[in-house]
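Participant: What follows is a single structure, and I will ask about it in a moment.
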Amino acid sequence: YLFKWQDRSIGWGGTKWALRFVELNRGRISYYLSHLENAPRYMLSLRGCAVRDEGWKRNRRHVSKNTPHGKDPPIDEVGAYFFVFSIYHFDSSSTQEESADIVPLLRFSTPSLAEKTQWIQLVAEACAYCETDSFLKEEAARNEEEEFRRQQQRNMAQTMPQ
């Protein structure tokens with residue numbers, strides 16, 4: 001589970017972090033409301049994407065048992081900080097100055113620095129895999145299978161009595 005950032009530009013405004021079950025599988029990242037759901041709420045192919053470490057933010061609700069009041073707890077104290085990373089569309093033609101203006105496709109956080117580091121590594125590896133010929137072949141086969149399934153459903157719908 002990771003916290004997913006949701007922009008609330010309509011309504012009350014502000015931002016909200018919601019806990020989501022996140023799955024990384026065969027070049028796609030998906031999130032679900034919980035691990036009990038069968039279908040993802042959102043799925044993103046990581047082709048043309050990259051991952052970015054967005055640092056950390058102090059969790060003001062966290063009460064440290066080992067740190068004196070008024071002092072920040074150690075960075076590795078689980079729950080004391082939110083460790084944030086994002087996935088964005090990578091444009092190889094953009095310059096270093098333009099990369100500051102990147103708008104993330106997805107933004108996640110976790111209360112553990114080790115967990116964030118692991119997710120960044122796994123997502124970066126998945127993004128690199130998506131640029132290979134193996135992924136393109138697999139994606140073509142997946143699309144062909146999906147189209148075949150849709151055609152079967154259309155055929156079944158046409159043969160059904162009215």
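In the structure tokens, chains take the letters A, B, ... in the order shown, each chain's residues start at 1, and ligands count up from 1 in the order shown.
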Give me, as JSON, numbers by chain, all polymer residues having an atom no more than 12 Å from Leu122 in chain A, counting only C-alpha atoms and skipping those fewer than 4 positions away in the same chain.
Facilitator: {"A": [23, 24, 25, 26, 27, 28, 29, 46, 50, 51, 87, 115, 116, 117, 118, 126, 127, 128, 129]}
Participant: Can you write just those residues out, N, CA and C atoms, as a short mmCIF file (atom, residue, chain, number, x, y, z; two decimals), in the first residue's frame?
Facilitator:
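For reference, result-v4.cif as written:
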```cif
data_model
loop_
_atom_site.label_atom_id
_atom_site.label_comp_id
_atom_site.auth_asym_id
_atom_site.auth_seq_id
_atom_site.Cartn_x
_atom_site.Cartn_y
_atom_site.Cartn_z
N GLU A 23 0.13 -1.93 -7.62
CA GLU A 23 0.71 -3.12 -8.23
C GLU A 23 1.57 -2.71 -9.42
N LEU A 24 2.76 -3.27 -9.50
CA LEU A 24 3.67 -3.05 -10.61
C LEU A 24 3.84 -4.39 -11.30
N ASN A 25 3.38 -4.47 -12.58
CA ASN A 25 3.37 -5.76 -13.25
C ASN A 25 3.56 -5.58 -14.75
N ARG A 26 4.61 -6.20 -15.30
CA ARG A 26 4.85 -6.26 -16.74
C ARG A 26 4.78 -4.90 -17.41
N GLY A 27 5.46 -3.92 -16.85
CA GLY A 27 5.53 -2.61 -17.47
C GLY A 27 4.34 -1.71 -17.25
N ARG A 28 3.48 -2.08 -16.31
CA ARG A 28 2.32 -1.25 -15.99
C ARG A 28 2.24 -1.08 -14.47
N ILE A 29 1.82 0.11 -14.07
CA ILE A 29 1.57 0.35 -12.65
C ILE A 29 0.07 0.62 -12.51
N LEU A 46 4.17 2.17 -18.44
CA LEU A 46 5.35 2.96 -18.11
C LEU A 46 6.23 3.24 -19.32
N ALA A 50 9.33 7.98 -16.55
CA ALA A 50 10.48 7.94 -15.65
C ALA A 50 9.96 8.20 -14.24
N VAL A 51 10.80 7.89 -13.27
CA VAL A 51 10.43 8.08 -11.86
C VAL A 51 11.33 9.18 -11.29
N ILE A 87 5.82 9.62 -10.86
CA ILE A 87 6.03 9.03 -12.19
C ILE A 87 5.55 10.07 -13.19
N GLU A 115 11.28 1.80 1.92
CA GLU A 115 10.22 1.41 1.00
C GLU A 115 10.20 2.33 -0.22
N LYS A 116 10.37 3.64 0.00
CA LYS A 116 10.41 4.57 -1.12
C LYS A 116 11.58 4.25 -2.04
N THR A 117 12.74 3.98 -1.48
CA THR A 117 13.92 3.66 -2.27
C THR A 117 13.68 2.41 -3.12
N GLN A 118 13.04 1.42 -2.52
CA GLN A 118 12.75 0.18 -3.25
C GLN A 118 11.76 0.43 -4.39
N ALA A 126 11.29 -0.97 -14.35
CA ALA A 126 10.13 -1.22 -15.20
C ALA A 126 10.07 -0.22 -16.36
N CYS A 127 10.39 1.05 -16.09
CA CYS A 127 10.42 2.07 -17.16
C CYS A 127 11.48 1.71 -18.20
N ALA A 128 12.63 1.25 -17.76
CA ALA A 128 13.69 0.86 -18.69
C ALA A 128 13.27 -0.36 -19.51
N TYR A 129 12.61 -1.32 -18.86
CA TYR A 129 12.12 -2.51 -19.56
C TYR A 129 11.12 -2.13 -20.66
#
```
Participant: By how many Å are CA of Leu2 in chain A and CA of Thr110 in chain A apart?
Facilitator: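 Spanning CA of Leu2 in chain A to CA of Thr110 in chain A is a straight-line distance of 5.6 Å.
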Participant: CA of Gly55 in chain A and CA of Asp76 in chain A are how many Å apart?
Facilitator: 13.3 Å
Participant: Can you work out which one of A:Arg20, A:Lys137, A:His69, A:Arg47 has the shortest atom-to-atom distance to Asp91 in chain A, counting only C-alpha atoms?
Facilitator: A:Arg47
Participant: Near Tyr31 in chain A, counting only C-alpha atoms, which residues have an atom at most 10 Å away, once you skip same-chain residues fewer than 6 positions from it, shown as a VMD selection string?
Facilitator: chain A and resid 1 to 2 4 19 to 24 37 39 to 44
